[in-house]
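K.L.:
Got a structure for you, run.tsv, holding TSV, C-alpha atoms.
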chain	number	residue	atom	x	y	z
A	1132	MET	CA	0.00	0.00	0.00
A	1133	PRO	CA	1.53	3.38	-0.99
A	1134	SER	CA	2.08	6.00	1.67
A	1135	ILE	CA	-0.76	8.49	1.58
A	1136	PHE	CA	1.35	11.01	3.47
A	1137	ALA	CA	4.22	11.17	1.02
A	1138	SER	CA	1.74	11.84	-1.72
A	1139	ASN	CA	0.09	14.79	-0.02
A	1140	ASN	CA	1.42	17.71	-2.00
A	1141	LEU	CA	-1.47	20.12	-1.39
A	1142	GLN	CA	-0.40	23.73	-1.21
A	1143	LYS	CA	-3.27	24.88	1.00
A	1144	PRO	CA	-5.32	23.11	3.65
A	1145	THR	CA	-8.56	21.48	2.52
A	1146	TYR	CA	-10.72	23.59	4.78
A	1147	SER	CA	-14.02	21.76	4.25
A	1148	LEU	CA	-12.45	18.48	5.33
A	1149	LEU	CA	-10.63	20.12	8.22
A	1150	LEU	CA	-13.93	21.53	9.44
A	1151	ALA	CA	-15.60	18.11	9.17
A	1152	VAL	CA	-12.78	16.42	11.11
A	1153	CYS	CA	-12.89	19.22	13.69
A	1154	VAL	CA	-16.64	18.75	14.24
A	1155	ALA	CA	-16.31	14.96	14.37
A	1156	HIS	CA	-13.58	15.34	16.99
A	1157	LEU	CA	-15.87	17.70	18.92
A	1158	PHE	CA	-18.58	15.05	19.06
A	1159	ASN	CA	-16.16	12.26	19.99
A	1160	ASP	CA	-14.50	14.17	22.83
A	1161	LEU	CA	-17.83	15.55	24.03
A	1162	LEU	CA	-18.95	11.97	24.59
A	1163	GLN	CA	-15.79	10.87	26.37
A	1164	SER	CA	-15.80	14.04	28.53
A	1165	VAL	CA	-19.25	13.18	29.83
A	1166	ILE	CA	-17.43	10.64	32.01
A	1167	PRO	CA	-15.43	13.05	34.24
A	1168	ALA	CA	-18.20	15.66	34.10
A	1169	ILE	CA	-20.62	13.20	35.72
A	1170	TYR	CA	-18.23	12.24	38.54
A	1171	PRO	CA	-19.82	14.36	41.31
A	1172	ARG	CA	-23.24	12.87	40.57
A	1173	LEU	CA	-21.85	9.31	40.50
A	1174	GLU	CA	-19.83	9.93	43.67
A	1175	ALA	CA	-22.95	11.07	45.53
A	1176	LYS	CA	-25.30	8.40	44.11
A	1177	TYR	CA	-23.00	5.41	44.62
A	1178	ASP	CA	-20.96	6.69	47.58
A	1179	LEU	CA	-17.67	6.38	45.70
A	1180	SER	CA	-14.24	7.20	47.09
A	1181	MET	CA	-11.70	9.32	45.23
A	1182	ALA	CA	-9.76	6.13	44.53
A	1183	GLN	CA	-12.83	4.58	42.87
A	1184	ILE	CA	-13.30	7.72	40.80
A	1185	GLY	CA	-9.67	7.36	39.73
A	1186	VAL	CA	-10.22	3.73	38.71
A	1187	ILE	CA	-13.14	4.79	36.49
A	1188	THR	CA	-10.82	7.19	34.67
A	1189	LEU	CA	-8.07	4.56	34.54
A	1190	CYS	CA	-10.39	2.00	32.92
A	1191	PHE	CA	-11.58	4.49	30.34
A	1192	GLN	CA	-8.11	5.83	29.58
A	1193	LEU	CA	-6.51	2.39	29.35
A	1194	ALA	CA	-9.18	1.25	26.90
A	1195	ALA	CA	-8.60	4.47	24.94
A	1196	SER	CA	-4.80	4.21	25.01
A	1197	ILE	CA	-3.79	0.56	24.64
A	1198	PHE	CA	-5.43	0.04	21.24
A	1199	GLN	CA	-4.47	3.36	19.63
A	1200	PRO	CA	-0.87	2.48	18.61
A	1201	VAL	CA	-2.12	-0.91	17.37
A	1202	VAL	CA	-4.89	0.71	15.33
A	1203	GLY	CA	-2.45	3.31	13.98
A	1204	ALA	CA	0.19	0.73	13.00
A	1205	TYR	CA	-2.42	-1.44	11.26
A	1206	THR	CA	-3.96	1.42	9.30
A	1207	ASP	CA	-0.51	2.63	8.20
A	1208	LYS	CA	-0.48	-0.50	6.03
A	1209	HIS	CA	-4.24	-0.99	5.57
A	1210	PRO	CA	-6.10	2.36	5.65
A	1211	LYS	CA	-9.74	2.03	6.74
A	1212	PRO	CA	-11.71	5.10	5.64
A	1213	TYR	CA	-14.86	4.16	7.56
A	1214	SER	CA	-13.26	2.85	10.76
A	1215	GLN	CA	-14.21	6.03	12.62
A	1216	MET	CA	-17.88	5.14	12.17
A	1217	ALA	CA	-17.22	1.78	13.81
A	1218	GLY	CA	-15.50	3.54	16.70
A	1219	MET	CA	-18.51	5.81	17.19
A	1220	LEU	CA	-20.76	2.76	17.49
A	1221	PHE	CA	-18.74	1.66	20.55
A	1222	SER	CA	-19.07	5.15	22.05
A	1223	THR	CA	-22.83	5.12	21.43
A	1224	ALA	CA	-23.14	1.78	23.21
A	1225	GLY	CA	-21.08	3.17	26.10
A	1226	MET	CA	-23.35	6.20	26.49
A	1227	ILE	CA	-26.50	4.04	26.50
A	1228	SER	CA	-24.93	1.69	29.03
A	1229	LEU	CA	-23.79	4.57	31.27
A	1230	ALA	CA	-27.30	6.05	31.25
A	1231	TYR	CA	-28.67	2.84	32.79
A	1232	ALA	CA	-25.65	1.79	34.89
A	1233	ALA	CA	-26.96	0.57	38.25
A	1234	ASN	CA	-23.69	-0.18	40.04
A	1235	TYR	CA	-19.97	0.51	40.03
A	1236	GLU	CA	-19.02	-2.47	37.88
A	1237	TRP	CA	-21.59	-1.50	35.26
A	1238	ILE	CA	-20.10	2.00	35.16
A	1239	LEU	CA	-16.65	0.52	34.48
A	1240	ILE	CA	-17.94	-1.55	31.56
A	1241	SER	CA	-19.66	1.53	30.13
A	1242	VAL	CA	-16.55	3.71	30.19
A	1243	ILE	CA	-14.45	0.91	28.67
A	1244	LEU	CA	-16.83	0.85	25.68
A	1245	VAL	CA	-16.40	4.62	25.25
A	1246	GLY	CA	-12.63	4.18	25.54
A	1247	ILE	CA	-12.56	1.54	22.80
A	1248	GLY	CA	-14.53	3.86	20.54
A	1249	SER	CA	-12.07	6.67	21.17
A	1250	SER	CA	-9.08	4.41	20.47
A	1251	ILE	CA	-10.49	3.57	17.03
A	1252	PHE	CA	-11.44	7.16	16.25
A	1253	HIS	CA	-8.22	9.08	16.94
A	1254	PRO	CA	-5.46	7.51	14.78
A	1255	GLU	CA	-7.40	7.63	11.50
A	1256	SER	CA	-8.84	11.06	12.29
A	1257	ALA	CA	-5.37	12.46	12.97
A	1258	ARG	CA	-4.26	10.90	9.68
A	1259	VAL	CA	-7.07	12.69	7.79
A	1260	ALA	CA	-6.18	15.98	9.47
A	1261	TYR	CA	-2.59	15.48	8.32
A	1262	MET	CA	-3.68	14.70	4.75
A	1263	SER	CA	-5.77	17.86	4.55
A	1264	ALA	CA	-3.06	20.10	6.04
A	1265	GLY	CA	-1.26	21.22	2.89
A	1266	GLY	CA	1.84	23.02	4.15
A	1267	ARG	CA	0.31	24.02	7.52
A	1268	ARG	CA	0.62	20.89	9.61
A	1269	SER	CA	0.55	22.48	13.06
A	1270	PHE	CA	-2.48	24.54	12.06
A	1271	ALA	CA	-4.31	21.44	10.81
A	1272	GLN	CA	-3.55	19.49	13.97
A	1273	ALA	CA	-4.60	22.52	16.03
A	1274	MET	CA	-7.92	22.65	14.17
A	1275	PHE	CA	-8.36	18.95	14.89
A	1276	GLN	CA	-7.51	19.55	18.55
A	1277	ILE	CA	-9.76	22.56	18.98
A	1278	GLY	CA	-12.69	20.41	17.94
A	1279	GLY	CA	-11.91	17.83	20.61
A	1280	ASN	CA	-11.14	20.43	23.25
A	1281	THR	CA	-14.33	22.35	22.52
A	1282	GLY	CA	-16.31	19.15	22.92
A	1283	ALA	CA	-14.57	18.50	26.22
A	1284	ALA	CA	-15.39	22.03	27.36
A	1285	LEU	CA	-19.07	21.70	26.46
A	1286	ALA	CA	-19.53	18.43	28.36
A	1287	PRO	CA	-19.69	19.88	31.92
A	1288	LEU	CA	-22.11	22.62	30.81
A	1289	LEU	CA	-24.40	20.13	29.09
A	1290	ILE	CA	-24.23	17.79	32.08
A	1291	ALA	CA	-25.20	20.72	34.35
A	1292	TRP	CA	-28.07	21.63	32.02
A	1293	ILE	CA	-29.41	18.21	30.99
A	1294	VAL	CA	-28.35	15.51	33.47
A	1295	ILE	CA	-27.99	17.11	36.91
A	1296	PRO	CA	-31.58	18.47	37.05
A	1297	ASN	CA	-33.16	15.36	35.51
A	1298	GLY	CA	-31.12	12.31	36.44
A	1299	GLN	CA	-28.65	9.79	35.08
A	1300	HIS	CA	-30.97	8.42	32.38
A	1301	TYR	CA	-30.72	11.72	30.52
A	1302	ILE	CA	-27.21	10.72	29.44
A	1303	LEU	CA	-29.15	9.05	26.60
A	1304	TRP	CA	-29.25	12.45	24.88
A	1305	PHE	CA	-25.53	12.10	24.30
A	1306	ALA	CA	-26.13	8.82	22.47
A	1307	VAL	CA	-28.33	10.83	20.08
A	1308	ILE	CA	-25.37	13.16	19.45
A	1309	ALA	CA	-23.22	10.11	18.67
A	1310	MET	CA	-25.71	8.87	16.08
A	1311	VAL	CA	-25.89	12.31	14.41
A	1312	SER	CA	-22.09	12.39	14.15
A	1313	GLN	CA	-22.19	9.34	11.87
A	1314	PHE	CA	-23.33	11.52	8.97
A	1315	ILE	CA	-20.18	13.65	9.29
A	1316	LEU	CA	-17.98	10.57	9.64
A	1317	GLY	CA	-19.59	9.14	6.50
A	1318	TYR	CA	-18.63	12.29	4.58
A	1319	ILE	CA	-15.04	12.02	5.86
A	1320	GLY	CA	-14.91	8.34	4.92
A	1321	ARG	CA	-16.05	9.05	1.36
A	1322	TRP	CA	-13.41	11.78	0.93
A	1323	TYR	CA	-10.76	9.48	2.37
A	1324	SER	CA	-11.73	6.68	-0.04
A	1325	ARG	CA	-11.51	9.01	-3.04
A	1326	HIS	CA	-8.14	10.30	-1.83
A	1327	LEU	CA	-6.77	6.75	-1.54
A	1328	ARG	CA	-7.82	5.95	-5.11
A	1329	LEU	CA	-6.21	9.19	-6.33
A	1330	VAL	CA	-2.95	8.42	-4.52
A	1331	GLN	CA	-2.77	4.94	-6.03
A	1332	SER	CA	-3.09	6.42	-9.53
A	1333	ARG	CA	-0.24	8.93	-9.05
A	1334	PRO	CA	3.48	8.32	-9.57
A	1335	LYS	CA	5.35	7.15	-6.51
A	1336	LYS	CA	7.10	9.83	-4.50
A	1337	ALA	CA	10.03	9.84	-2.14
A	1338	ILE	CA	9.58	10.03	1.63
A	1339	LEU	CA	11.63	12.84	3.14
A	1340	LEU	CA	13.40	11.81	6.33
A	1341	PRO	CA	15.18	14.11	8.79
A	1342	ASP	CA	18.96	13.97	8.57
A	1343	LEU	CA	19.34	12.88	12.19
A	1344	SER	CA	20.88	9.79	13.73
A	1345	SER	CA	18.53	7.08	14.99
A	1346	THR	CA	19.82	7.76	18.52
A	1347	ARG	CA	18.91	11.44	18.25
A	1348	ILE	CA	15.48	10.58	16.89
A	1349	ASN	CA	14.81	8.05	19.67
A	1350	TRP	CA	15.93	10.48	22.37
A	1351	SER	CA	13.77	13.20	20.89
A	1352	VAL	CA	10.73	10.92	20.89
A	1353	ALA	CA	11.48	10.01	24.53
A	1354	ILE	CA	11.64	13.73	25.44
A	1355	LEU	CA	8.32	14.35	23.72
A	1356	LEU	CA	6.74	11.48	25.65
A	1357	LEU	CA	8.12	12.87	28.93
A	1358	LEU	CA	6.50	16.20	28.11
A	1359	ILE	CA	3.22	14.40	27.36
A	1360	PHE	CA	3.51	12.74	30.78
A	1361	SER	CA	3.96	16.10	32.51
A	1362	LYS	CA	1.16	17.78	30.59
A	1363	TYR	CA	-1.46	15.05	30.88
A	1364	PHE	CA	-0.70	14.01	34.44
A	1365	TYR	CA	-1.32	17.62	35.47
A	1366	THR	CA	-4.37	17.94	33.22
A	1367	ALA	CA	-5.82	14.79	34.81
A	1368	SER	CA	-5.67	16.48	38.21
A	1369	ILE	CA	-7.94	19.21	36.83
A	1370	THR	CA	-10.39	17.25	34.69
A	1371	SER	CA	-11.00	14.54	37.31
A	1372	TYR	CA	-10.84	16.41	40.62
A	1373	PHE	CA	-11.12	20.18	40.10
A	1374	GLN	CA	-14.87	20.04	40.70
A	1375	PHE	CA	-14.30	18.36	44.08
A	1376	TYR	CA	-11.53	20.87	44.85
A	1377	THR	CA	-13.73	23.93	44.26
A	1378	ILE	CA	-16.71	22.35	46.07
A	1379	GLN	CA	-14.64	21.50	49.16
A	1380	ARG	CA	-12.43	24.59	49.32
A	1381	PHE	CA	-14.88	27.32	48.23
A	1382	ASP	CA	-18.20	25.66	49.12
A	1383	LEU	CA	-19.50	25.84	45.54
A	1384	THR	CA	-22.56	23.98	44.31
A	1385	GLU	CA	-22.16	21.15	41.83
A	1386	VAL	CA	-23.37	23.34	38.96
A	1387	GLN	CA	-20.99	26.20	39.94
A	1388	ALA	CA	-18.09	23.74	40.04
A	1389	GLN	CA	-18.98	22.57	36.52
A	1390	VAL	CA	-18.70	26.17	35.31
A	1391	TYR	CA	-15.17	26.54	36.72
A	1392	LEU	CA	-14.19	23.30	34.99
A	1393	PHE	CA	-15.65	24.75	31.79
A	1394	TYR	CA	-13.34	27.79	32.15
A	1395	PHE	CA	-10.32	25.47	32.08
A	1396	LEU	CA	-11.57	23.33	29.22
A	1397	ILE	CA	-12.54	26.21	26.94
A	1398	ALA	CA	-9.15	27.80	27.63
A	1399	ILE	CA	-7.56	24.53	26.48
A	1400	ALA	CA	-9.53	24.74	23.21
A	1401	VAL	CA	-8.39	28.30	22.52
A	1402	GLY	CA	-4.81	27.57	23.57
A	1403	SER	CA	-4.62	24.57	21.24
A	1404	LEU	CA	-5.56	26.69	18.24
A	1405	ILE	CA	-3.17	29.52	19.11
A	1406	GLY	CA	-0.29	27.12	19.73
A	1407	GLY	CA	-0.89	25.29	16.46
A	1408	MET	CA	-0.98	28.50	14.43
A	1409	LEU	CA	2.21	29.83	16.02
A	1410	GLY	CA	4.02	26.49	15.69
A	1411	ASP	CA	4.11	26.81	11.89
A	1412	TYR	CA	5.81	30.21	12.13
A	1413	VAL	CA	8.00	30.46	15.24
A	1414	GLY	CA	9.04	26.81	15.38
A	1415	ARG	CA	7.49	23.87	17.18
A	1416	LYS	CA	10.37	23.44	19.62
A	1417	TYR	CA	9.82	26.89	21.10
A	1418	ILE	CA	6.06	26.46	21.36
A	1419	ILE	CA	6.59	23.17	23.20
A	1420	TRP	CA	9.12	24.73	25.56
A	1421	PHE	CA	6.91	27.71	26.36
A	1422	SER	CA	3.73	25.63	26.72
A	1423	VAL	CA	4.94	23.17	29.33
A	1424	LEU	CA	7.51	25.19	31.28
A	1425	GLY	CA	5.60	28.47	30.89
A	1426	ALA	CA	2.63	27.14	32.85
A	1427	ALA	CA	4.78	26.45	35.96
A	1428	PRO	CA	4.53	29.89	37.67
A	1429	PHE	CA	0.75	29.75	37.47
A	1430	THR	CA	0.35	26.13	38.57
A	1431	LEU	CA	2.60	26.86	41.56
A	1432	LEU	CA	0.32	29.74	42.60
A	1433	LEU	CA	-3.02	27.97	42.09
A	1434	PRO	CA	-3.29	26.08	45.44
A	1435	TYR	CA	-2.83	29.28	47.47
A	1436	VAL	CA	-5.24	31.83	45.94
A	1437	ASP	CA	-8.88	32.77	46.53
A	1438	LEU	CA	-11.84	31.88	44.31
A	1439	PHE	CA	-11.49	34.88	41.99
A	1440	TRP	CA	-7.83	34.24	41.28
A	1441	THR	CA	-8.52	30.52	40.98
A	1442	GLY	CA	-10.81	31.34	38.04
A	1443	VAL	CA	-8.19	33.61	36.48
A	1444	LEU	CA	-5.28	31.19	36.95
A	1445	ILE	CA	-7.17	28.15	35.70
A	1446	VAL	CA	-7.85	30.00	32.42
A	1447	VAL	CA	-4.21	31.09	32.07
A	1448	ILE	CA	-2.97	27.56	32.82
A	1449	GLY	CA	-5.38	26.07	30.28
A	1450	LEU	CA	-4.30	28.54	27.58
A	1451	ILE	CA	-0.60	27.90	28.07
A	1452	ILE	CA	-0.43	24.19	28.82
A	1453	SER	CA	-2.68	23.24	25.89
A	1454	SER	CA	-0.71	25.09	23.23
A	1455	ALA	CA	1.86	22.31	22.81
A	1456	PHE	CA	-0.01	19.15	21.82
A	1457	ALA	CA	-0.37	19.90	18.11
A	1458	ALA	CA	3.31	20.94	18.00
A	1459	ILE	CA	4.38	17.79	19.88
A	1460	LEU	CA	2.41	15.49	17.57
A	1461	VAL	CA	3.63	17.13	14.34
A	1462	PHE	CA	7.19	17.16	15.73
A	1463	ALA	CA	6.97	13.39	16.25
A	1464	GLN	CA	5.44	12.87	12.80
A	1465	GLU	CA	8.34	14.76	11.22
A	1466	LEU	CA	10.82	12.60	13.12
A	1467	LEU	CA	9.15	9.37	11.95
A	1468	PRO	CA	7.36	10.19	8.67
A	1469	ARG	CA	7.08	6.54	7.59
A	1470	LYS	CA	5.00	5.61	10.64
A	1471	LEU	CA	2.50	8.43	10.94
A	1472	GLY	CA	-0.49	6.34	11.97
A	1473	MET	CA	1.56	4.51	14.58
A	1474	VAL	CA	3.03	7.79	15.87
A	1475	SER	CA	-0.42	9.40	16.12
A	1476	GLY	CA	-1.78	6.36	17.93
A	1477	LEU	CA	1.25	6.20	20.23
A	1478	PHE	CA	1.04	9.83	21.29
A	1479	TYR	CA	-2.73	9.94	21.66
A	1480	GLY	CA	-2.61	6.60	23.46
A	1481	PHE	CA	0.20	7.70	25.74
A	1482	ALA	CA	-1.65	10.94	26.51
A	1483	PHE	CA	-4.80	9.01	27.42
A	1484	GLY	CA	-2.77	6.49	29.39
A	1485	MET	CA	-1.00	9.17	31.42
A	1486	GLY	CA	-4.33	10.85	32.08
A	1487	GLY	CA	-5.79	7.58	33.33
A	1488	LEU	CA	-2.77	6.65	35.42
A	1489	GLY	CA	-2.63	10.17	36.84
A	1490	SER	CA	-6.28	10.10	37.79
A	1491	ALA	CA	-5.99	6.71	39.52
A	1492	VAL	CA	-2.83	7.63	41.44
A	1493	LEU	CA	-4.13	11.06	42.41
A	1494	GLY	CA	-7.50	9.64	43.50
A	1495	TRP	CA	-5.82	7.16	45.84
A	1496	TRP	CA	-3.47	9.86	47.11
A	1497	ALA	CA	-6.35	12.28	47.71
A	1498	ASP	CA	-8.04	9.67	49.91
A	1499	GLN	CA	-4.83	9.39	51.95
A	1500	THR	CA	-4.20	13.16	52.20
A	1501	SER	CA	-6.45	15.85	50.71
A	1502	ILE	CA	-7.46	17.34	47.38
A	1503	ASN	CA	-5.60	20.56	48.22
A	1504	PHE	CA	-2.38	18.64	48.88
A	1505	ILE	CA	-2.70	16.97	45.47
A	1506	TYR	CA	-2.70	20.34	43.75
A	1507	GLN	CA	0.32	21.47	45.74
A	1508	VAL	CA	2.29	18.43	44.54
A	1509	CYS	CA	1.05	18.54	40.93
A	1510	SER	CA	1.94	22.22	40.63
A	1511	TYR	CA	5.58	21.19	40.10
A	1512	LEU	CA	4.88	18.93	37.07
A	1513	PRO	CA	5.22	21.67	34.40
A	1514	LEU	CA	8.86	22.14	35.46
A	1515	PHE	CA	9.57	19.04	33.37
A	1516	GLY	CA	9.25	21.39	30.40
A	1517	ILE	CA	12.89	22.34	30.75
A	1518	VAL	CA	13.86	19.13	28.90
A	1519	ALA	CA	12.44	20.63	25.68
A	1520	TYR	CA	15.78	22.46	25.44
A	1521	PHE	CA	17.34	19.21	24.20
A	1522	LEU	CA	14.99	18.80	21.21
A	1523	PRO	CA	16.47	19.49	17.76
A	1524	ASP	CA	15.32	22.64	15.95
A	1525	MET	CA	13.45	21.12	13.01
A	1526	LYS	CA	13.62	24.39	11.07
A	1527	LYS	CA	17.39	23.88	10.86
A	1528	VAL	CA	17.30	20.15	10.14
A	1529	THR	CA	17.77	19.04	6.53
A	1530	PHE	CA	15.50	16.40	5.03
A	1531	ARG	CA	16.62	13.84	2.48
A	1532	PRO	CA	14.75	11.29	0.37
A	1533	LEU	CA	15.54	7.85	1.67
A	1534	GLU	CA	13.16	5.58	-0.13
A	1535	THR	CA	10.25	5.59	-2.51
A	1536	ASN	CA	6.88	4.03	-1.97
So, in terms of structure tokens, how does the structure I just supplied come out?

P.N.:
Amino acid sequence: MPSIFASNNLQKPTYSLLLAVCVAHLFNDLLQSVIPAIYPRLEAKYDLSMAQIGVITLCFQLAASIFQPVVGAYTDKHPKPYSQMAGMLFSTAGMISLAYAANYEWILISVILVGIGSSIFHPESARVAYMSAGGRRSFAQAMFQIGGNTGAALAPLLIAWIVIPNGQHYILWFAVIAMVSQFILGYIGRWYSRHLRLVQSRPKKAILLPDLSSTRINWSVAILLLLIFSKYFYTASITSYFQFYTIQRFDLTEVQAQVYLFYFLIAIAVGSLIGGMLGDYVGRKYIIWFSVLGAAPFTLLLPYVDLFWTGVLIVVIGLIISSAFAAILVFAQELLPRKLGMVSGLFYGFAFGMGGLGSAVLGWWADQTSINFIYQVCSYLPLFGIVAYFLPDMKKVTFRPLETN
């Protein structure tokens, strides 16, 4: 099977496809973000501990992470234009199951189904975003990310509006959203199929590889994964437990706590877009460095400020810390251009895995100490960003054709 990436010589992004992928990502991540948004209601209804909340996240994130590199590696060789529709069927089943979950074990099965759907969705969707990028790869990945981040931001507001006043069964409305998204995924699948046929009819083209040693490439990938660990371990502390933090520390209601979580999540959406746009111009290395390390002063302040400044800082942290993911993913794709599906699956999977592991560890730790102590410890995680100094500057790296396909 010829490489669809080497053949992508578009000068400008295919904006209609980018928009479709963005909206599809919005729906997918809206569904998966229902899970943490519903935590306070599940905790009260089933008398769950913070450790049990963490295990819910761990089960979801493991299901979402383990399969992604496998899916990506398989579709590198055997592209599946309509696989995203299959993934959405799993997510739909998970939403229906979660709406009727009557015990803790049932909840775990439900979130695993959503996780499997997400693991199928992301590698091929990231591939389509790459194909439609033209010469603006960071921008295309940022558009893809802003869709997912916007969906994640909307989840707590929709939960506060639809589910909290009416009950757990109203999660069924999110299954309706999943079914509507299939029309968009069908459009993407048809475009993808046509693109594959077009690629197969074109002359073979060389793959351009960075002129770096395999050791330098491997170390660079390891640094990028360490930065993903720092970013997503910290983000897990917010998405899983920030509602409990604001309820306990500032005596907010459940709905008010959802709004403060929304502030963080919408800031992540905006920051992703800004970071992706700047990455194409100022260099991805510098965006990565600023994004992770630059959040440190604000995360260090967060556990010690009042409610007003908590709202301000959580927005600033979300804007800064989210600006790196598109740059990190494109950076890795440029290092390993022959394995783009596998790379996308690896990095999305690792991000989900770190989020799940972080949530489980932090939940257990919160039971042993306190939520406030967790935020004091996690505030130091962005300091890992200093390792971005050791990444190569890809603007100065030469690329050479190594093989044809």

K.L.:
Need the shell around Leu1392 of chain A: protein/DNA/RNA residues with any atom at most 8 Å away, counting only C-alpha atoms. Skip same-chain ones fewer than 2 positions apart. Format as number ranges by chain?

P.N.:
A: 1284, 1287, 1369-1370, 1373-1374, 1388-1390, 1394-1396

K.L.:
Within 8 Å of (-4.2, 27.2, 15.9), in the coordinates the file gives, what residues turn up when you count only C-alpha atoms, written out as an mmCIF file with C-alpha atoms, keeping the file's coordinate frame?

P.N.:
data_model
loop_
_atom_site.group_PDB
_atom_site.id
_atom_site.type_symbol
_atom_site.label_atom_id
_atom_site.label_comp_id
_atom_site.auth_asym_id
_atom_site.auth_seq_id
_atom_site.Cartn_x
_atom_site.Cartn_y
_atom_site.Cartn_z
ATOM 1 C CA SER A 1269 0.550 22.480 13.060
ATOM 2 C CA PHE A 1270 -2.480 24.540 12.060
ATOM 3 C CA ALA A 1271 -4.310 21.440 10.810
ATOM 4 C CA GLN A 1272 -3.550 19.490 13.970
ATOM 5 C CA ALA A 1273 -4.600 22.520 16.030
ATOM 6 C CA MET A 1274 -7.920 22.650 14.170
ATOM 7 C CA ILE A 1277 -9.760 22.560 18.980
ATOM 8 C CA VAL A 1401 -8.390 28.300 22.520
ATOM 9 C CA GLY A 1402 -4.810 27.570 23.570
ATOM 10 C CA SER A 1403 -4.620 24.570 21.240
ATOM 11 C CA LEU A 1404 -5.560 26.690 18.240
ATOM 12 C CA ILE A 1405 -3.170 29.520 19.110
ATOM 13 C CA GLY A 1406 -0.290 27.120 19.730
ATOM 14 C CA GLY A 1407 -0.890 25.290 16.460
ATOM 15 C CA MET A 1408 -0.980 28.500 14.430
ATOM 16 C CA LEU A 1409 2.210 29.830 16.020
#

K.L.:
Can you measure atom CA of Gly1218 of chain A to atom CA of Tyr1323 of chain A for me? One decimal in Å is fine.

P.N.:
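A separation of 16.2 Å between them.
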
K.L.:
Please compute the atom CA of Gly1476 of chain A-atom CA of Gly1279 of chain A distance, one decimal, in Å.

P.N.:
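Straight-line distance from atom CA of Gly1476 of chain A to atom CA of Gly1279 of chain A works out to 15.5 Å.
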
K.L.:
May I have the residues within 6 Å of segment 1237-1244 of chain A as a ChimeraX atom specification, using all atoms listed in the file and disregarding those fewer than 5 positions away in the same chain?

P.N.:
/A:1187,1190-1191,1194,1221,1225,1228-1229,1232

K.L.:
Would you kindly return, as a list of chain:residue names, each protein, DNA or RNA residue with an atom no farther than 7 Å from any atom of segment 1439-1447 of chain A, considering all atoms listed in the file and excluding same-chain residues fewer than 2 positions away?

P.N.:
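In the requested format, the answer is A:Tyr1391, A:Tyr1394, A:Phe1395, A:Ala1398, A:Phe1429, A:Leu1433, A:Val1436, A:Asp1437, A:Gly1449, A:Leu1450, A:Ile1451.
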
K.L.:
Go ahead and write the selection's residues with C-alpha atoms as a PDB file, in the coordinates of the input.

P.N.:
ATOM      1  CA  TYR A1391     -15.170  26.540  36.720  1.00  0.00           C
ATOM      2  CA  TYR A1394     -13.340  27.790  32.150  1.00  0.00           C
ATOM      3  CA  PHE A1395     -10.320  25.470  32.080  1.00  0.00           C
ATOM      4  CA  ALA A1398      -9.150  27.800  27.630  1.00  0.00           C
ATOM      5  CA  PHE A1429       0.750  29.750  37.470  1.00  0.00           C
ATOM      6  CA  LEU A1433      -3.020  27.970  42.090  1.00  0.00           C
ATOM      7  CA  VAL A1436      -5.240  31.830  45.940  1.00  0.00           C
ATOM      8  CA  ASP A1437      -8.880  32.770  46.530  1.00  0.00           C
ATOM      9  CA  GLY A1449      -5.380  26.070  30.280  1.00  0.00           C
ATOM     10  CA  LEU A1450      -4.300  28.540  27.580  1.00  0.00           C
ATOM     11  CA  ILE A1451      -0.600  27.900  28.070  1.00  0.00           C
TER      12      ILE A1451
END

K.L.:
Which residues, written as a list in words, have at least one atom at most 9 Å from Gly1320 of chain A, with all atoms listed in the file counted and residues fewer than 2 positions away on the same chain left out?

P.N.:
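In the requested form, the answer reads Lys1211, Pro1212, Tyr1213, Ser1214, Gln1215, Met1216, Ile1315, Leu1316, Gly1317, Tyr1318, Trp1322, Tyr1323, Ser1324 and Arg1325 of chain A.
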
K.L.:
Give me, as a list in words, all polymer residues having an atom no more than 8 Å from Leu1493 of chain A, counting all atoms listed in the file and skipping those fewer than 6 positions away in the same chain.

P.N.:
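So, after excluding close chain neighbours, the residues are Ala1182, Gly1185, Ser1368 and Ile1505 of chain A.
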
K.L.:
Nearest to Leu1289 of chain A among A:Ser1164, A:Thr1529, A:Thr1430, A:Ser1501, with distances taken over only C-alpha atoms: which residue is it?

P.N.:
A:Ser1164

K.L.:
Using all atoms listed in the file, collect all residues at a distance of at most 9 Å from (-5.7, 19.5, 47.2) as written in the file, then present them as a PDB file with C-alpha atoms, in the coordinates of the input.

P.N.:
ATOM      1  CA  TYR A1372     -10.840  16.410  40.620  1.00  0.00           C
ATOM      2  CA  PHE A1373     -11.120  20.180  40.100  1.00  0.00           C
ATOM      3  CA  TYR A1376     -11.530  20.870  44.850  1.00  0.00           C
ATOM      4  CA  ARG A1380     -12.430  24.590  49.320  1.00  0.00           C
ATOM      5  CA  PRO A1434      -3.290  26.080  45.440  1.00  0.00           C
ATOM      6  CA  ALA A1497      -6.350  12.280  47.710  1.00  0.00           C
ATOM      7  CA  THR A1500      -4.200  13.160  52.200  1.00  0.00           C
ATOM      8  CA  SER A1501      -6.450  15.850  50.710  1.00  0.00           C
ATOM      9  CA  ILE A1502      -7.460  17.340  47.380  1.00  0.00           C
ATOM     10  CA  ASN A1503      -5.600  20.560  48.220  1.00  0.00           C
ATOM     11  CA  PHE A1504      -2.380  18.640  48.880  1.00  0.00           C
ATOM     12  CA  ILE A1505      -2.700  16.970  45.470  1.00  0.00           C
ATOM     13  CA  TYR A1506      -2.700  20.340  43.750  1.00  0.00           C
ATOM     14  CA  GLN A1507       0.320  21.470  45.740  1.00  0.00           C
ATOM     15  CA  VAL A1508       2.290  18.430  44.540  1.00  0.00           C
TER      16      VAL A1508
END
